[in-house]
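Heads up, final15.pdb below (PDB, C-alpha atoms):
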MODEL        1
ATOM      1  CA  MET A   1     101.846 111.556 104.422  1.00  0.00           C
ATOM      2  CA  LEU A   2      98.425 110.074 104.982  1.00  0.00           C
ATOM      3  CA  THR A   3      95.780 110.417 102.335  1.00  0.00           C
ATOM      4  CA  LYS A   4      92.093 110.859 103.061  1.00  0.00           C
ATOM      5  CA  GLU A   5      91.557 107.218 102.087  1.00  0.00           C
ATOM      6  CA  ASP A   6      94.155 106.089 104.662  1.00  0.00           C
ATOM      7  CA  VAL A   7      92.442 108.082 107.397  1.00  0.00           C
ATOM      8  CA  ASN A   8      89.030 106.672 106.435  1.00  0.00           C
ATOM      9  CA  GLN A   9      90.398 103.117 106.615  1.00  0.00           C
ATOM     10  CA  THR A  10      91.939 103.814 110.017  1.00  0.00           C
ATOM     11  CA  VAL A  11      88.696 105.256 111.379  1.00  0.00           C
ATOM     12  CA  LYS A  12      86.828 102.167 110.110  1.00  0.00           C
ATOM     13  CA  LEU A  13      89.295  99.982 112.009  1.00  0.00           C
ATOM     14  CA  PHE A  14      88.760 102.028 115.166  1.00  0.00           C
ATOM     15  CA  ASN A  15      84.996 101.607 114.797  1.00  0.00           C
ATOM     16  CA  LYS A  16      85.379  97.814 114.511  1.00  0.00           C
ATOM     17  CA  ALA A  17      87.510  97.548 117.648  1.00  0.00           C
ATOM     18  CA  PRO A  18      85.670  96.051 120.631  1.00  0.00           C
ATOM     19  CA  PRO A  19      85.178  98.452 123.576  1.00  0.00           C
ATOM     20  CA  GLU A  20      87.450  96.392 125.861  1.00  0.00           C
ATOM     21  CA  VAL A  21      90.418  96.904 123.487  1.00  0.00           C
ATOM     22  CA  THR A  22      92.591  99.931 124.263  1.00  0.00           C
ATOM     23  CA  ILE A  23      93.537 102.074 121.268  1.00  0.00           C
ATOM     24  CA  TRP A  24      96.882 103.852 121.675  1.00  0.00           C
ATOM     25  CA  ALA A  25      96.715 106.731 119.183  1.00  0.00           C
ATOM     26  CA  ASP A  26      98.840 109.779 118.528  1.00  0.00           C
ATOM     27  CA  THR A  27      97.640 113.382 118.600  1.00  0.00           C
ATOM     28  CA  GLY A  28      96.760 113.199 114.911  1.00  0.00           C
ATOM     29  CA  PHE A  29      93.648 111.257 115.884  1.00  0.00           C
ATOM     30  CA  GLN A  30      92.038 113.895 118.079  1.00  0.00           C
ATOM     31  CA  GLY A  31      88.355 113.109 118.440  1.00  0.00           C
ATOM     32  CA  ILE A  32      88.715 109.339 118.087  1.00  0.00           C
ATOM     33  CA  ASP A  33      88.086 109.092 121.831  1.00  0.00           C
ATOM     34  CA  LYS A  34      84.513 110.191 121.144  1.00  0.00           C
ATOM     35  CA  GLN A  35      84.031 107.177 118.837  1.00  0.00           C
ATOM     36  CA  HIS A  36      85.864 104.580 120.932  1.00  0.00           C
ATOM     37  CA  PRO A  37      85.518 104.690 124.730  1.00  0.00           C
ATOM     38  CA  ASN A  38      88.862 103.045 125.566  1.00  0.00           C
ATOM     39  CA  THR A  39      91.334 105.328 123.775  1.00  0.00           C
ATOM     40  CA  GLN A  40      94.653 106.661 125.046  1.00  0.00           C
ATOM     41  CA  ILE A  41      95.843 109.869 123.360  1.00  0.00           C
ATOM     42  CA  PRO A  42      98.660 112.116 124.652  1.00  0.00           C
ATOM     43  CA  LYS A  43      97.547 115.386 126.171  1.00  0.00           C
ATOM     44  CA  LYS A  44      98.503 118.666 124.534  1.00  0.00           C
ATOM     45  CA  GLY A  45      99.843 121.612 126.466  1.00  0.00           C
ATOM     46  CA  THR A  46      99.852 125.289 125.557  1.00  0.00           C
ATOM     47  CA  ARG A  47     101.815 128.275 126.758  1.00  0.00           C
ATOM     48  CA  LYS A  48      98.911 129.439 128.860  1.00  0.00           C
ATOM     49  CA  ARG A  49      98.157 125.948 130.152  1.00  0.00           C
ATOM     50  CA  PRO A  50     101.307 123.848 130.405  1.00  0.00           C
ATOM     51  CA  LEU A  51     100.989 120.176 131.179  1.00  0.00           C
ATOM     52  CA  SER A  52     101.085 119.074 134.798  1.00  0.00           C
ATOM     53  CA  PRO A  53     103.811 116.616 135.855  1.00  0.00           C
ATOM     54  CA  GLU A  54     101.165 113.851 135.992  1.00  0.00           C
ATOM     55  CA  GLN A  55     100.075 114.587 132.413  1.00  0.00           C
ATOM     56  CA  LYS A  56     103.713 114.605 131.251  1.00  0.00           C
ATOM     57  CA  GLN A  57     104.267 111.221 132.917  1.00  0.00           C
ATOM     58  CA  GLU A  58     101.121 109.842 131.260  1.00  0.00           C
ATOM     59  CA  ASN A  59     102.331 111.122 127.874  1.00  0.00           C
ATOM     60  CA  LYS A  60     105.675 109.360 128.427  1.00  0.00           C
ATOM     61  CA  ILE A  61     103.914 106.065 129.114  1.00  0.00           C
ATOM     62  CA  ILE A  62     101.752 106.427 126.002  1.00  0.00           C
ATOM     63  CA  SER A  63     104.781 107.345 123.870  1.00  0.00           C
ATOM     64  CA  GLY A  64     106.780 104.427 125.229  1.00  0.00           C
ATOM     65  CA  ILE A  65     104.094 101.964 124.185  1.00  0.00           C
ATOM     66  CA  ARG A  66     103.529 103.590 120.791  1.00  0.00           C
ATOM     67  CA  ILE A  67     107.224 103.748 119.840  1.00  0.00           C
ATOM     68  CA  THR A  68     107.494  99.953 120.017  1.00  0.00           C
ATOM     69  CA  VAL A  69     104.676  99.673 117.489  1.00  0.00           C
ATOM     70  CA  GLU A  70     106.127 102.416 115.278  1.00  0.00           C
ATOM     71  CA  HIS A  71     109.513 100.657 115.201  1.00  0.00           C
ATOM     72  CA  ALA A  72     107.844  97.373 114.230  1.00  0.00           C
ATOM     73  CA  ILE A  73     105.953  99.040 111.380  1.00  0.00           C
ATOM     74  CA  ALA A  74     109.154 100.706 110.158  1.00  0.00           C
ATOM     75  CA  GLY A  75     110.965  97.361 110.294  1.00  0.00           C
ATOM     76  CA  ILE A  76     108.253  95.678 108.236  1.00  0.00           C
ATOM     77  CA  LYS A  77     108.396  98.480 105.667  1.00  0.00           C
ATOM     78  CA  ARG A  78     112.162  98.091 105.375  1.00  0.00           C
ATOM     79  CA  LEU A  79     111.737  95.122 103.053  1.00  0.00           C
ATOM     80  CA  GLY A  80     110.214  97.445 100.459  1.00  0.00           C
ATOM     81  CA  CYS A  81     107.323  95.304  99.280  1.00  0.00           C
ATOM     82  CA  MET A  82     105.011  96.911 101.850  1.00  0.00           C
ATOM     83  CA  THR A  83     105.739 100.465 100.699  1.00  0.00           C
ATOM     84  CA  GLN A  84     105.531  99.985  96.931  1.00  0.00           C
ATOM     85  CA  ILE A  85     102.365  99.753  94.864  1.00  0.00           C
ATOM     86  CA  LEU A  86     101.358  96.119  94.479  1.00  0.00           C
ATOM     87  CA  ARG A  87     100.548  95.337  90.862  1.00  0.00           C
ATOM     88  CA  ASN A  88     100.247  91.579  91.215  1.00  0.00           C
ATOM     89  CA  ARG A  89      96.642  90.347  91.108  1.00  0.00           C
ATOM     90  CA  ARG A  90      97.170  86.896  92.589  1.00  0.00           C
ATOM     91  CA  PRO A  91      94.796  86.240  95.477  1.00  0.00           C
ATOM     92  CA  PHE A  92      96.212  86.771  98.979  1.00  0.00           C
ATOM     93  CA  ILE A  93      99.619  87.902  97.678  1.00  0.00           C
ATOM     94  CA  ASP A  94      99.412  91.063  99.803  1.00  0.00           C
ATOM     95  CA  ASP A  95      98.870  88.949 102.925  1.00  0.00           C
ATOM     96  CA  THR A  96     101.804  86.762 101.919  1.00  0.00           C
ATOM     97  CA  PHE A  97     104.062  89.803 101.574  1.00  0.00           C
ATOM     98  CA  LEU A  98     102.949  91.120 104.960  1.00  0.00           C
ATOM     99  CA  LEU A  99     103.612  87.764 106.638  1.00  0.00           C
ATOM    100  CA  LEU A 100     107.011  87.541 104.931  1.00  0.00           C
ATOM    101  CA  SER A 101     107.950  91.085 105.980  1.00  0.00           C
ATOM    102  CA  ALA A 102     106.796  90.548 109.570  1.00  0.00           C
ATOM    103  CA  GLY A 103     108.605  87.212 109.762  1.00  0.00           C
ATOM    104  CA  LEU A 104     111.864  88.693 108.502  1.00  0.00           C
ATOM    105  CA  TRP A 105     111.573  91.590 110.959  1.00  0.00           C
ATOM    106  CA  ASN A 106     110.950  89.172 113.848  1.00  0.00           C
ATOM    107  CA  PHE A 107     113.937  87.086 112.721  1.00  0.00           C
ATOM    108  CA  HIS A 108     116.064  90.241 112.708  1.00  0.00           C
ATOM    109  CA  LEU A 109     114.945  91.120 116.239  1.00  0.00           C
ATOM    110  CA  ARG A 110     115.787  87.647 117.541  1.00  0.00           C
ATOM    111  CA  THR A 111     119.219  87.506 115.931  1.00  0.00           C
ATOM    112  CA  ALA A 112     120.315  91.110 116.493  1.00  0.00           C
TER
ENDMDL
END
Would you mind writing the structure in this file as structure tokens?
Amino acid sequence: MLTKEDVNQTVKLFNKAPPEVTIWADTGFQGIDKQHPNTQIPKKGTRKRPLSPEQKQENKIISGIRITVEHAIAGIKRLGCMTQILRNRRPFIDDTFLLLSAGLWNFHLRTA
């Protein structure tokens, strides 16, 4: 569950992204396309207005790209140090944990 602080941090990151960078967001970020010109968000359908086959195909492409990122984030969180509250005050220890988690996940992907 995202907190308001998490959403604010994410919106700040979107605002810092250069216009030539494509942001692949999920439907939870409706309206971000007004802040960043190069945003890809899946289309929503309703009962009265179902999605066209072209829109469904576009949603599949967006989901296919996003699921790779979601799996990588889940793999990094598997180590546990990225999901727990960090109480250590040493400088750059959070970056060290992130690099360690990402490295272990990449090692797992190469050896699996």
Selection result of the PyMOL selection byres ((chain A and resi 71-76) around 8) on this file, as a PyMOL selection string: chain A and resi 67-70+77-79+82+98+101-102+104-105
Please, what distance in Å, to one decimal, runs between CA of Pro42 (chain A) and CA of Glu54 (chain A)?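 CA of Glu54 (chain A) lies 11.7 Å from CA of Pro42 (chain A).
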Written as a list in words, what is the full residue list that the PyMOL selection byres ((chain A and resi 21) around 10) yields on the file shown? Phe14, Ala17, Pro18, Pro19, Glu20, Thr22, Ile23, Trp24, His36, Pro37, Asn38 and Thr39 of chain A
Would you output that residue set with C-alpha atoms, as an mmCIF file, keeping the file's coordinate frame?
data_model
loop_
_atom_site.group_PDB
_atom_site.id
_atom_site.type_symbol
_atom_site.label_atom_id
_atom_site.label_comp_id
_atom_site.auth_asym_id
_atom_site.auth_seq_id
_atom_site.Cartn_x
_atom_site.Cartn_y
_atom_site.Cartn_z
ATOM 1 C CA PHE A 14 88.760 102.028 115.166
ATOM 2 C CA ALA A 17 87.510 97.548 117.648
ATOM 3 C CA PRO A 18 85.670 96.051 120.631
ATOM 4 C CA PRO A 19 85.178 98.452 123.576
ATOM 5 C CA GLU A 20 87.450 96.392 125.861
ATOM 6 C CA THR A 22 92.591 99.931 124.263
ATOM 7 C CA ILE A 23 93.537 102.074 121.268
ATOM 8 C CA TRP A 24 96.882 103.852 121.675
ATOM 9 C CA HIS A 36 85.864 104.580 120.932
ATOM 10 C CA PRO A 37 85.518 104.690 124.730
ATOM 11 C CA ASN A 38 88.862 103.045 125.566
ATOM 12 C CA THR A 39 91.334 105.328 123.775
#
Give me the box for region 66-79 of chain A as lines of an AutoDock Vina configuration file, namely the centre and edge lengths in Å to one decimal of a box along x, y and z that holds every listed atom plus 3 Å on each side.
center_x = 107.8
center_y = 99.4
center_z = 111.9
size_x = 14.6
size_y = 14.6
size_z = 23.7
Between CA of Asp94 (chain A) and CA of Gly28 (chain A), what distance in Å does the model show, to one decimal? 26.9 Å
Report, in Å to a single decimal, how far apart CA of Asn106 (chain A) and CA of Gln9 (chain A) are.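 Going from CA of Gln9 (chain A) over to CA of Asn106 (chain A) covers 25.9 Å.
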So, with only C-alpha atoms as the atoms that count, which of A:Arg49, A:Lys16, A:Lys60, A:Lys43 lies closest to Phe29 (chain A)?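 Looking only at the distances to Phe29 (chain A), the closest residue turns out to be A:Lys43.
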Which residue is closest to Asn8 (chain A)? Choose from A:Ala112, A:Ser52, A:Ile32, A:Thr27 and count all atoms listed in the file. A:Ile32
Counting all atoms listed in the file, which of A:Leu100, A:Ile62, A:Val11, A:Leu51 gets nearest to Asp26 (chain A)?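 Checking each of A:Leu100, A:Ile62, A:Val11, A:Leu51 against Asp26 (chain A), counting all atoms listed in the file, the winner is A:Ile62.
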